[in-house]
$ cat upload_19.txt   # compact mmCIF, N, CA and C atoms
# COMPACT_ATOMS: atom_id res chain seq x y z
N MET A 8 164.69 128.55 -208.07
CA MET A 8 164.24 127.27 -207.58
C MET A 8 165.46 126.40 -207.27
N SER A 9 165.49 125.79 -206.12
CA SER A 9 166.60 124.96 -205.70
C SER A 9 166.52 123.59 -206.35
N LYS A 10 167.69 123.00 -206.55
CA LYS A 10 167.75 121.63 -207.05
C LYS A 10 167.59 120.69 -205.88
N ILE A 11 166.79 119.63 -206.10
CA ILE A 11 166.55 118.63 -205.06
C ILE A 11 166.96 117.27 -205.60
N ARG A 12 167.71 116.53 -204.80
CA ARG A 12 168.06 115.15 -205.14
C ARG A 12 167.23 114.26 -204.23
N LEU A 13 166.17 113.70 -204.79
CA LEU A 13 165.28 112.87 -203.99
C LEU A 13 165.95 111.57 -203.56
N GLU A 14 166.87 111.10 -204.37
CA GLU A 14 167.54 109.83 -204.08
C GLU A 14 168.21 109.83 -202.71
N ASP A 15 168.88 110.93 -202.39
CA ASP A 15 169.54 110.99 -201.08
C ASP A 15 168.90 112.03 -200.15
N GLY A 16 167.76 112.59 -200.57
CA GLY A 16 167.02 113.51 -199.70
C GLY A 16 167.76 114.78 -199.39
N THR A 17 168.37 115.39 -200.42
CA THR A 17 169.13 116.61 -200.20
C THR A 17 168.66 117.72 -201.14
N ILE A 18 168.99 118.95 -200.76
CA ILE A 18 168.67 120.11 -201.57
C ILE A 18 169.93 120.96 -201.69
N GLU A 19 170.09 121.57 -202.85
CA GLU A 19 171.25 122.45 -203.05
C GLU A 19 170.90 123.83 -202.53
N TYR A 20 171.73 124.32 -201.63
CA TYR A 20 171.56 125.66 -201.08
C TYR A 20 172.93 126.30 -201.00
N ASP A 21 173.05 127.44 -201.60
CA ASP A 21 174.30 128.20 -201.56
C ASP A 21 175.49 127.36 -202.03
N GLY A 22 175.25 126.55 -203.09
CA GLY A 22 176.33 125.77 -203.70
C GLY A 22 176.68 124.47 -203.01
N GLN A 23 175.95 124.12 -201.92
CA GLN A 23 176.22 122.88 -201.22
C GLN A 23 174.93 122.08 -201.06
N TRP A 24 175.06 120.78 -200.83
CA TRP A 24 173.91 119.90 -200.68
C TRP A 24 173.66 119.63 -199.19
N TYR A 25 172.40 119.80 -198.76
CA TYR A 25 172.03 119.65 -197.36
C TYR A 25 170.82 118.72 -197.20
N THR A 26 170.81 117.96 -196.11
CA THR A 26 169.62 117.21 -195.73
C THR A 26 168.71 118.15 -194.95
N SER A 27 167.48 117.70 -194.70
CA SER A 27 166.58 118.55 -193.92
C SER A 27 167.11 118.73 -192.50
N GLY A 28 167.73 117.70 -191.95
CA GLY A 28 168.31 117.81 -190.61
C GLY A 28 169.42 118.84 -190.55
N ALA A 29 170.26 118.85 -191.58
CA ALA A 29 171.36 119.82 -191.61
C ALA A 29 170.83 121.25 -191.74
N LEU A 30 169.80 121.44 -192.58
CA LEU A 30 169.21 122.78 -192.71
C LEU A 30 168.57 123.22 -191.40
N SER A 31 167.88 122.31 -190.74
CA SER A 31 167.26 122.63 -189.45
C SER A 31 168.31 123.07 -188.44
N LYS A 32 169.44 122.36 -188.42
CA LYS A 32 170.50 122.71 -187.48
C LYS A 32 171.08 124.09 -187.79
N ILE A 33 171.27 124.40 -189.06
CA ILE A 33 171.80 125.71 -189.43
C ILE A 33 170.84 126.81 -188.97
N ILE A 34 169.54 126.58 -189.20
CA ILE A 34 168.53 127.56 -188.77
C ILE A 34 168.58 127.74 -187.25
N GLN A 35 168.62 126.64 -186.52
CA GLN A 35 168.67 126.71 -185.05
C GLN A 35 169.94 127.42 -184.58
N ASP A 36 171.06 127.10 -185.19
CA ASP A 36 172.33 127.74 -184.81
C ASP A 36 172.28 129.25 -185.05
N ARG A 37 171.74 129.64 -186.19
CA ARG A 37 171.64 131.08 -186.49
C ARG A 37 170.74 131.78 -185.49
N MET A 38 169.61 131.15 -185.19
CA MET A 38 168.69 131.77 -184.24
C MET A 38 169.33 131.88 -182.86
N ALA A 39 170.10 130.88 -182.48
CA ALA A 39 170.75 130.89 -181.17
C ALA A 39 171.77 132.02 -181.06
N THR A 40 172.35 132.41 -182.20
CA THR A 40 173.33 133.49 -182.18
C THR A 40 172.68 134.85 -182.48
N GLY A 41 171.36 134.87 -182.67
CA GLY A 41 170.66 136.12 -182.94
C GLY A 41 170.61 136.50 -184.40
N ASP A 42 171.14 135.65 -185.28
CA ASP A 42 171.11 135.90 -186.73
C ASP A 42 169.76 135.43 -187.26
N MET A 43 168.88 136.35 -187.57
CA MET A 43 167.54 136.01 -188.02
C MET A 43 167.40 136.02 -189.54
N LYS A 44 168.50 136.01 -190.24
CA LYS A 44 168.46 135.93 -191.71
C LYS A 44 168.35 134.46 -192.11
N ILE A 45 167.15 133.93 -191.92
CA ILE A 45 166.92 132.51 -192.14
C ILE A 45 165.82 132.22 -193.16
N ALA A 46 165.26 133.25 -193.76
CA ALA A 46 164.11 133.06 -194.66
C ALA A 46 164.45 132.13 -195.81
N ASP A 47 165.60 132.33 -196.47
CA ASP A 47 165.98 131.48 -197.60
C ASP A 47 166.20 130.04 -197.16
N LEU A 48 166.80 129.88 -195.99
CA LEU A 48 167.01 128.53 -195.45
C LEU A 48 165.67 127.85 -195.17
N ALA A 49 164.73 128.60 -194.60
CA ALA A 49 163.41 128.05 -194.29
C ALA A 49 162.67 127.65 -195.55
N VAL A 50 162.79 128.45 -196.61
CA VAL A 50 162.15 128.12 -197.89
C VAL A 50 162.77 126.84 -198.46
N ALA A 51 164.08 126.73 -198.40
CA ALA A 51 164.76 125.52 -198.89
C ALA A 51 164.32 124.30 -198.09
N LEU A 52 164.25 124.44 -196.77
CA LEU A 52 163.82 123.33 -195.92
C LEU A 52 162.39 122.92 -196.23
N GLU A 53 161.51 123.90 -196.39
CA GLU A 53 160.12 123.59 -196.71
C GLU A 53 160.01 122.91 -198.08
N SER A 54 160.76 123.39 -199.06
CA SER A 54 160.74 122.78 -200.40
C SER A 54 161.21 121.33 -200.35
N LEU A 55 162.30 121.10 -199.62
CA LEU A 55 162.82 119.73 -199.51
C LEU A 55 161.81 118.83 -198.80
N ASN A 56 161.26 119.29 -197.70
CA ASN A 56 160.29 118.47 -196.96
C ASN A 56 159.06 118.17 -197.79
N ARG A 57 158.56 119.15 -198.52
CA ARG A 57 157.39 118.94 -199.38
C ARG A 57 157.70 117.92 -200.47
N ALA A 58 158.87 118.04 -201.06
CA ALA A 58 159.26 117.09 -202.12
C ALA A 58 159.37 115.68 -201.56
N LEU A 59 159.96 115.55 -200.38
CA LEU A 59 160.14 114.22 -199.78
C LEU A 59 158.81 113.61 -199.36
N GLU A 60 157.86 114.43 -198.93
CA GLU A 60 156.55 113.93 -198.55
C GLU A 60 155.79 113.35 -199.74
N ASN A 61 156.12 113.83 -200.93
CA ASN A 61 155.40 113.42 -202.13
C ASN A 61 156.22 112.47 -203.00
N THR A 62 157.02 111.63 -202.38
CA THR A 62 157.84 110.71 -203.17
C THR A 62 157.54 109.27 -202.82
N TYR A 63 157.88 108.42 -203.74
CA TYR A 63 157.79 106.98 -203.56
C TYR A 63 159.09 106.40 -204.08
N ILE A 64 159.74 105.57 -203.30
CA ILE A 64 161.01 104.99 -203.71
C ILE A 64 160.73 103.73 -204.50
N LEU A 65 161.23 103.70 -205.71
CA LEU A 65 161.08 102.56 -206.60
C LEU A 65 162.47 102.01 -206.87
N GLU A 66 162.73 100.82 -206.38
CA GLU A 66 164.04 100.20 -206.60
C GLU A 66 163.84 99.03 -207.55
N GLU A 67 164.54 99.08 -208.66
CA GLU A 67 164.39 98.06 -209.68
C GLU A 67 165.72 97.86 -210.38
N THR A 68 166.03 96.63 -210.78
CA THR A 68 167.21 96.35 -211.57
C THR A 68 166.78 96.29 -213.02
N LEU A 69 167.48 97.01 -213.86
CA LEU A 69 167.14 97.08 -215.27
C LEU A 69 168.31 96.53 -216.07
N VAL A 70 168.06 95.50 -216.88
CA VAL A 70 169.10 94.91 -217.71
C VAL A 70 168.82 95.32 -219.16
N ILE A 71 169.77 96.03 -219.76
CA ILE A 71 169.65 96.45 -221.15
C ILE A 71 170.94 96.14 -221.89
N THR A 72 170.87 96.15 -223.21
CA THR A 72 172.08 95.88 -223.99
C THR A 72 173.04 97.05 -223.88
N LYS A 73 174.28 96.80 -224.21
CA LYS A 73 175.29 97.87 -224.18
C LYS A 73 174.93 98.98 -225.17
N ASP A 74 174.39 98.60 -226.33
CA ASP A 74 173.97 99.61 -227.31
C ASP A 74 172.86 100.49 -226.75
N ASP A 75 171.85 99.87 -226.12
CA ASP A 75 170.76 100.65 -225.53
C ASP A 75 171.26 101.53 -224.38
N TYR A 76 172.23 101.02 -223.62
CA TYR A 76 172.82 101.81 -222.55
C TYR A 76 173.50 103.05 -223.13
N SER A 77 174.26 102.87 -224.20
CA SER A 77 174.93 104.01 -224.85
C SER A 77 173.91 105.03 -225.34
N LYS A 78 172.81 104.55 -225.92
CA LYS A 78 171.75 105.45 -226.40
C LYS A 78 171.14 106.23 -225.24
N LEU A 79 170.93 105.53 -224.13
CA LEU A 79 170.35 106.18 -222.95
C LEU A 79 171.25 107.29 -222.45
N ILE A 80 172.55 107.01 -222.35
CA ILE A 80 173.49 108.00 -221.85
C ILE A 80 173.61 109.17 -222.82
N GLN A 81 173.63 108.89 -224.11
CA GLN A 81 173.69 109.96 -225.12
C GLN A 81 172.44 110.83 -225.06
N ALA A 82 171.29 110.21 -224.92
CA ALA A 82 170.03 110.97 -224.84
C ALA A 82 169.99 111.83 -223.59
N GLY A 83 170.70 111.40 -222.55
CA GLY A 83 170.71 112.13 -221.29
C GLY A 83 171.57 113.37 -221.32
N GLY A 84 172.40 113.53 -222.34
CA GLY A 84 173.19 114.75 -222.49
C GLY A 84 174.14 115.01 -221.34
N GLY A 85 174.81 113.99 -220.83
CA GLY A 85 175.79 114.19 -219.79
C GLY A 85 175.31 113.89 -218.38
N MET A 86 174.02 113.56 -218.22
CA MET A 86 173.53 113.19 -216.89
C MET A 86 174.06 111.81 -216.53
N ASP A 87 174.07 111.52 -215.23
CA ASP A 87 174.48 110.16 -214.85
C ASP A 87 173.34 109.20 -215.19
N GLU A 88 173.64 107.91 -215.15
CA GLU A 88 172.67 106.91 -215.62
C GLU A 88 171.37 106.91 -214.83
N LYS A 89 171.42 107.14 -213.53
CA LYS A 89 170.19 107.17 -212.75
C LYS A 89 169.30 108.33 -213.16
N ASP A 90 169.91 109.49 -213.41
CA ASP A 90 169.12 110.64 -213.87
C ASP A 90 168.56 110.39 -215.26
N CYS A 91 169.32 109.71 -216.12
CA CYS A 91 168.82 109.38 -217.46
C CYS A 91 167.59 108.48 -217.38
N VAL A 92 167.67 107.45 -216.54
CA VAL A 92 166.54 106.53 -216.39
C VAL A 92 165.35 107.27 -215.79
N ARG A 93 165.60 108.10 -214.77
CA ARG A 93 164.53 108.86 -214.13
C ARG A 93 163.84 109.76 -215.15
N GLN A 94 164.63 110.46 -215.97
CA GLN A 94 164.06 111.35 -216.98
C GLN A 94 163.24 110.57 -217.99
N ALA A 95 163.75 109.42 -218.43
CA ALA A 95 163.02 108.60 -219.40
C ALA A 95 161.69 108.12 -218.83
N ILE A 96 161.71 107.70 -217.58
CA ILE A 96 160.47 107.23 -216.95
C ILE A 96 159.47 108.38 -216.80
N MET A 97 159.95 109.54 -216.36
CA MET A 97 159.05 110.68 -216.19
C MET A 97 158.45 111.12 -217.52
N GLU A 98 159.25 111.10 -218.58
CA GLU A 98 158.71 111.44 -219.90
C GLU A 98 157.67 110.42 -220.33
N TYR A 99 157.94 109.14 -220.09
CA TYR A 99 156.99 108.09 -220.45
C TYR A 99 155.69 108.22 -219.67
N ILE A 100 155.82 108.42 -218.37
CA ILE A 100 154.63 108.56 -217.53
C ILE A 100 153.82 109.78 -217.94
N GLY A 101 154.50 110.89 -218.16
CA GLY A 101 153.81 112.12 -218.54
C GLY A 101 153.07 112.00 -219.85
N LYS A 102 153.73 111.45 -220.87
CA LYS A 102 153.08 111.32 -222.18
C LYS A 102 152.00 110.26 -222.16
N GLY A 103 152.27 109.13 -221.52
CA GLY A 103 151.28 108.07 -221.44
C GLY A 103 150.06 108.50 -220.66
N GLY A 104 150.30 109.16 -219.54
CA GLY A 104 149.20 109.64 -218.71
C GLY A 104 148.36 110.68 -219.43
N GLU A 105 149.03 111.54 -220.19
CA GLU A 105 148.32 112.58 -220.93
C GLU A 105 147.40 111.94 -221.96
N ARG A 106 147.91 110.95 -222.71
CA ARG A 106 147.09 110.28 -223.72
C ARG A 106 145.91 109.58 -223.08
N SER A 107 146.13 108.94 -221.93
CA SER A 107 145.05 108.24 -221.25
C SER A 107 143.97 109.22 -220.80
N ARG A 108 144.38 110.36 -220.24
CA ARG A 108 143.40 111.36 -219.79
C ARG A 108 142.61 111.90 -220.97
N GLN A 109 143.30 112.14 -222.09
CA GLN A 109 142.60 112.65 -223.28
C GLN A 109 141.58 111.64 -223.78
N ALA A 110 141.98 110.39 -223.84
CA ALA A 110 141.07 109.37 -224.35
C ALA A 110 139.88 109.19 -223.42
N ALA A 111 140.14 109.17 -222.11
CA ALA A 111 139.05 108.99 -221.15
C ALA A 111 138.07 110.14 -221.18
N ALA A 112 138.58 111.35 -221.36
CA ALA A 112 137.72 112.52 -221.37
C ALA A 112 137.17 112.82 -222.77
N GLY A 113 137.68 112.12 -223.78
CA GLY A 113 137.24 112.37 -225.15
C GLY A 113 137.63 113.74 -225.64
N LYS A 114 138.73 114.26 -225.17
CA LYS A 114 139.17 115.61 -225.50
C LYS A 114 140.23 115.58 -226.59
N LYS A 115 140.29 116.65 -227.34
CA LYS A 115 141.33 116.83 -228.34
C LYS A 115 142.39 117.76 -227.78
N GLU A 116 143.52 117.82 -228.45
CA GLU A 116 144.64 118.64 -228.00
C GLU A 116 144.22 120.10 -227.81
N GLY A 117 143.30 120.61 -228.62
CA GLY A 117 142.90 122.00 -228.54
C GLY A 117 142.10 122.36 -227.30
N ASN A 118 141.51 121.38 -226.61
CA ASN A 118 140.68 121.64 -225.43
C ASN A 118 141.45 121.40 -224.15
N LYS A 119 142.50 122.13 -223.98
CA LYS A 119 143.27 121.95 -222.76
C LYS A 119 143.52 123.29 -222.10
N THR A 120 143.74 123.22 -220.80
CA THR A 120 144.12 124.38 -220.02
C THR A 120 145.51 124.09 -219.47
N VAL A 121 146.39 125.06 -219.57
CA VAL A 121 147.74 124.89 -219.03
C VAL A 121 147.87 125.82 -217.82
N ILE A 122 148.20 125.21 -216.68
CA ILE A 122 148.42 126.00 -215.47
C ILE A 122 149.84 125.73 -214.99
N LYS A 123 150.31 126.54 -214.06
CA LYS A 123 151.63 126.32 -213.48
C LYS A 123 151.46 125.80 -212.06
N CYS A 124 152.27 124.80 -211.73
CA CYS A 124 152.25 124.24 -210.38
C CYS A 124 152.55 125.34 -209.37
N SER A 125 151.79 125.38 -208.31
CA SER A 125 152.00 126.41 -207.29
C SER A 125 153.31 126.23 -206.54
N HIS A 126 153.88 125.04 -206.60
CA HIS A 126 155.13 124.78 -205.88
C HIS A 126 156.35 124.93 -206.77
N CYS A 127 156.41 124.12 -207.86
CA CYS A 127 157.63 124.10 -208.68
C CYS A 127 157.51 124.91 -209.97
N LYS A 128 156.32 125.46 -210.24
CA LYS A 128 156.06 126.29 -211.42
C LYS A 128 156.12 125.51 -212.73
N ASN A 129 156.11 124.17 -212.66
CA ASN A 129 156.10 123.31 -213.84
C ASN A 129 154.75 123.48 -214.54
N PRO A 130 154.71 123.60 -215.89
CA PRO A 130 153.42 123.68 -216.58
C PRO A 130 152.69 122.34 -216.50
N ILE A 131 151.39 122.41 -216.22
CA ILE A 131 150.56 121.21 -216.12
C ILE A 131 149.40 121.38 -217.09
N GLU A 132 149.22 120.38 -217.96
CA GLU A 132 148.13 120.43 -218.92
C GLU A 132 146.90 119.75 -218.30
N VAL A 133 145.77 120.43 -218.31
CA VAL A 133 144.52 119.90 -217.77
C VAL A 133 143.57 119.74 -218.95
N PHE A 134 143.11 118.51 -219.19
CA PHE A 134 142.26 118.22 -220.34
C PHE A 134 140.78 118.11 -219.98
N SER A 135 140.47 118.13 -218.72
CA SER A 135 139.08 118.03 -218.29
C SER A 135 138.49 119.43 -218.16
N ASN A 136 137.22 119.55 -218.53
CA ASN A 136 136.51 120.82 -218.34
C ASN A 136 135.83 120.87 -216.98
N GLU A 137 135.92 119.79 -216.21
CA GLU A 137 135.32 119.73 -214.88
C GLU A 137 135.99 120.75 -213.96
N ARG A 138 135.22 121.55 -213.26
CA ARG A 138 135.73 122.52 -212.30
C ARG A 138 134.82 122.55 -211.10
N PRO A 139 135.30 122.66 -209.93
CA PRO A 139 136.72 122.59 -209.58
C PRO A 139 137.23 121.17 -209.75
N ILE A 140 138.52 121.04 -209.95
CA ILE A 140 139.16 119.73 -210.09
C ILE A 140 140.50 119.77 -209.36
N VAL A 141 140.84 118.68 -208.71
CA VAL A 141 142.12 118.58 -208.02
C VAL A 141 143.06 117.81 -208.93
N ILE A 142 144.23 118.40 -209.18
CA ILE A 142 145.22 117.77 -210.03
C ILE A 142 146.53 117.63 -209.26
N GLU A 143 147.39 116.74 -209.74
CA GLU A 143 148.68 116.53 -209.11
C GLU A 143 149.77 116.85 -210.13
N CYS A 144 150.76 117.60 -209.69
CA CYS A 144 151.88 117.96 -210.55
C CYS A 144 152.71 116.71 -210.84
N PRO A 145 152.92 116.38 -212.13
CA PRO A 145 153.74 115.22 -212.45
C PRO A 145 155.21 115.40 -212.12
N ASN A 146 155.62 116.64 -211.92
CA ASN A 146 157.03 116.93 -211.64
C ASN A 146 157.37 116.77 -210.16
N CYS A 147 156.57 117.40 -209.28
CA CYS A 147 156.91 117.39 -207.85
C CYS A 147 155.87 116.68 -206.98
N GLY A 148 154.71 116.35 -207.54
CA GLY A 148 153.69 115.62 -206.77
C GLY A 148 152.76 116.48 -205.94
N THR A 149 152.92 117.80 -206.00
CA THR A 149 152.06 118.69 -205.24
C THR A 149 150.65 118.67 -205.83
N SER A 150 149.64 118.59 -204.98
CA SER A 150 148.24 118.64 -205.44
C SER A 150 147.75 120.07 -205.36
N CYS A 151 146.93 120.45 -206.35
CA CYS A 151 146.33 121.77 -206.31
C CYS A 151 144.92 121.70 -206.89
N ARG A 152 144.14 122.69 -206.56
CA ARG A 152 142.74 122.75 -206.98
C ARG A 152 142.59 123.78 -208.08
N VAL A 153 142.04 123.36 -209.23
CA VAL A 153 141.81 124.26 -210.36
C VAL A 153 140.34 124.65 -210.33
N THR A 154 140.09 125.96 -210.31
CA THR A 154 138.71 126.43 -210.23
C THR A 154 138.26 127.15 -211.48
N LEU A 155 139.17 127.64 -212.29
CA LEU A 155 138.79 128.38 -213.51
C LEU A 155 138.84 127.51 -214.72

$ encode --input "upload_19.txt" --output "structure tokens"
Amino acid sequence: MSKIRLEDGTIEYDGQWYTSGALSKIIQDRMATGDMKIADLAVALESLNRALENTYILEETLVITKDDYSKLIQAGGGMDEKDCVRQAIMEYIGKGGERSRQAAAGKKEGNKTVIKCSHCKNPIEVFSNERPIVIECPNCGTSCRVTL
């Protein structure tokens, strides 16, 4: 699975970061020269475009104490501050959303189904017994239909 930086709309491919426009140009250039080994590039381009289609840009200024900033950076294990904040928000949203779904459905932890996202393979916990049901991956935003 390729790494995607949503902040600047790039994907890592073959050790370098590319925009969708740059990947498209590489594919076109290869095709123009008769090099049809473009499958991996096309997959990377599709992954990046899908990720970008399912994003929302949230710009906010966050003021915290120096001590809290140090804790954030330490908890991030070497990530830059934006990645630390992003990870903290995603963890908060995921846990908060999970609790809300459980409470609304009246379900306990034991009554869950875990599926893998069809796009990013992230595990998704489904607490509803309703089938079919459409769910959204909290990691990449891809929607999928659960029938079993």

$ axis_aligned_box --input "upload_19.txt" --around "region 88-94 of chain A" --padding-each-side "4 Å" --output "JSON"
{"center_x": 168.4, "center_y": 108.9, "center_z": -215.4, "size_x": 18.4, "size_y": 12.8, "size_z": 13.2}

$ select_by_dssp --input "upload_19.txt" --residues "region 27-110 of chain A" --states "alpha helix (DSSP H)" --output "PyMOL selection string"
chain A and resi 27-39+46-60+73-82+88-110

$ atom_distance --input "upload_19.txt" --atom1 "CA of Ala58 (chain A)" --atom2 "CA of Asn136 (chain A)"
28.2 Å

$ select_by_dssp --input "upload_19.txt" --residues "chain A" --states "strand (DSSP E)" --output "list in words"
Ile11, Arg12, Thr17, Ile18, Glu19, Tyr20, Gln23, Trp24, Tyr25, Thr120, Val121, Ile122, Lys123, Pro130, Ile131, Glu132, Val133, Ile140, Val141, Ile142, Glu143, Ser150, Cys151, Arg152 and Val153 of chain A

$ atom_distance --input "upload_19.txt" --atom1 "atom C of Cys151 (chain A)" --atom2 "atom N of His126 (chain A)"
9.6 Å

$ closest_residue --input "upload_19.txt" --among "A:Gly101, A:Arg12, A:Ser125, A:Thr154" --to "Glu137 (chain A)" --atoms "all atoms listed in the file"
A:Thr154

$ atom_distance --input "upload_19.txt" --atom1 "atom N of Thr62 (chain A)" --atom2 "atom C of Arg138 (chain A)"
26.2 Å

$ residues_around --input "upload_19.txt" --residues "Gln94 (chain A)" --least-positions-apart "3" --cutoff "12 Å" --atoms "only C-alpha atoms" --output "list in words"
Leu79, Ile80, Ala82, Gly83, Gly84, Met86, Asp87, Glu88, Lys89, Asp90, Cys91, Met97, Glu98, Tyr99, Ile100, Gly101, Pro145 and Asn146 of chain A

$ closest_residue --input "upload_19.txt" --among "A:Lys10, A:Leu52, A:Cys127, A:Lys78" --to "Ala95 (chain A)" --atoms "only C-alpha atoms"
A:Lys78

$ residues_around --input "upload_19.txt" --residues "Ser9 (chain A)" --least-positions-apart "6" --cutoff "7 Å" --atoms "all atoms listed in the file" --output "list in words"
Ile18, Glu19 and Tyr20 of chain A

$ closest_residue --input "upload_19.txt" --among "A:Phe134, A:Leu48, A:Lys119, A:Thr17" --to "Ser31 (chain A)" --atoms "only N, CA and C atoms"
A:Leu48

$ decode --input "upload_19.txt" --residues "region 82-94 of chain A" --atoms "N, CA and C atoms" --output "PDB file, in the first residue's frame"
ATOM      1  N   ALA A  82       4.208  11.532  22.148  1.00  0.00           N
ATOM      2  CA  ALA A  82       3.207  10.505  21.835  1.00  0.00           C
ATOM      3  C   ALA A  82       3.247  10.140  20.355  1.00  0.00           C
ATOM      4  N   GLY A  83       3.675  11.091  19.526  1.00  0.00           N
ATOM      5  CA  GLY A  83       3.736  10.860  18.088  1.00  0.00           C
ATOM      6  C   GLY A  83       4.896  10.005  17.655  1.00  0.00           C
ATOM      7  N   GLY A  84       5.857   9.763  18.538  1.00  0.00           N
ATOM      8  CA  GLY A  84       6.965   8.870  18.219  1.00  0.00           C
ATOM      9  C   GLY A  84       7.802   9.306  17.034  1.00  0.00           C
ATOM     10  N   GLY A  85       8.090  10.592  16.917  1.00  0.00           N
ATOM     11  CA  GLY A  85       8.958  11.054  15.849  1.00  0.00           C
ATOM     12  C   GLY A  85       8.238  11.652  14.654  1.00  0.00           C
ATOM     13  N   MET A  86       6.895  11.613  14.645  1.00  0.00           N
ATOM     14  CA  MET A  86       6.157  12.236  13.546  1.00  0.00           C
ATOM     15  C   MET A  86       6.242  13.752  13.694  1.00  0.00           C
ATOM     16  N   ASP A  87       6.011  14.456  12.581  1.00  0.00           N
ATOM     17  CA  ASP A  87       5.976  15.914  12.703  1.00  0.00           C
ATOM     18  C   ASP A  87       4.672  16.320  13.390  1.00  0.00           C
ATOM     19  N   GLU A  88       4.594  17.570  13.805  1.00  0.00           N
ATOM     20  CA  GLU A  88       3.463  18.012  14.625  1.00  0.00           C
ATOM     21  C   GLU A  88       2.122  17.889  13.912  1.00  0.00           C
ATOM     22  N   LYS A  89       2.072  18.131  12.613  1.00  0.00           N
ATOM     23  CA  LYS A  89       0.802  18.003  11.896  1.00  0.00           C
ATOM     24  C   LYS A  89       0.325  16.557  11.888  1.00  0.00           C
ATOM     25  N   ASP A  90       1.252  15.621  11.694  1.00  0.00           N
ATOM     26  CA  ASP A  90       0.880  14.205  11.720  1.00  0.00           C
ATOM     27  C   ASP A  90       0.446  13.788  13.119  1.00  0.00           C
ATOM     28  N   CYS A  91       1.091  14.338  14.150  1.00  0.00           N
ATOM     29  CA  CYS A  91       0.699  14.037  15.532  1.00  0.00           C
ATOM     30  C   CYS A  91      -0.732  14.491  15.802  1.00  0.00           C
ATOM     31  N   VAL A  92      -1.044  15.715  15.387  1.00  0.00           N
ATOM     32  CA  VAL A  92      -2.394  16.247  15.595  1.00  0.00           C
ATOM     33  C   VAL A  92      -3.398  15.439  14.794  1.00  0.00           C
ATOM     34  N   ARG A  93      -3.062  15.115  13.541  1.00  0.00           N
ATOM     35  CA  ARG A  93      -3.954  14.323  12.692  1.00  0.00           C
ATOM     36  C   ARG A  93      -4.236  12.969  13.333  1.00  0.00           C
ATOM     37  N   GLN A  94      -3.193  12.306  13.836  1.00  0.00           N
ATOM     38  CA  GLN A  94      -3.366  11.001  14.473  1.00  0.00           C
ATOM     39  C   GLN A  94      -4.238  11.118  15.713  1.00  0.00           C
TER      40      GLN A  94
END
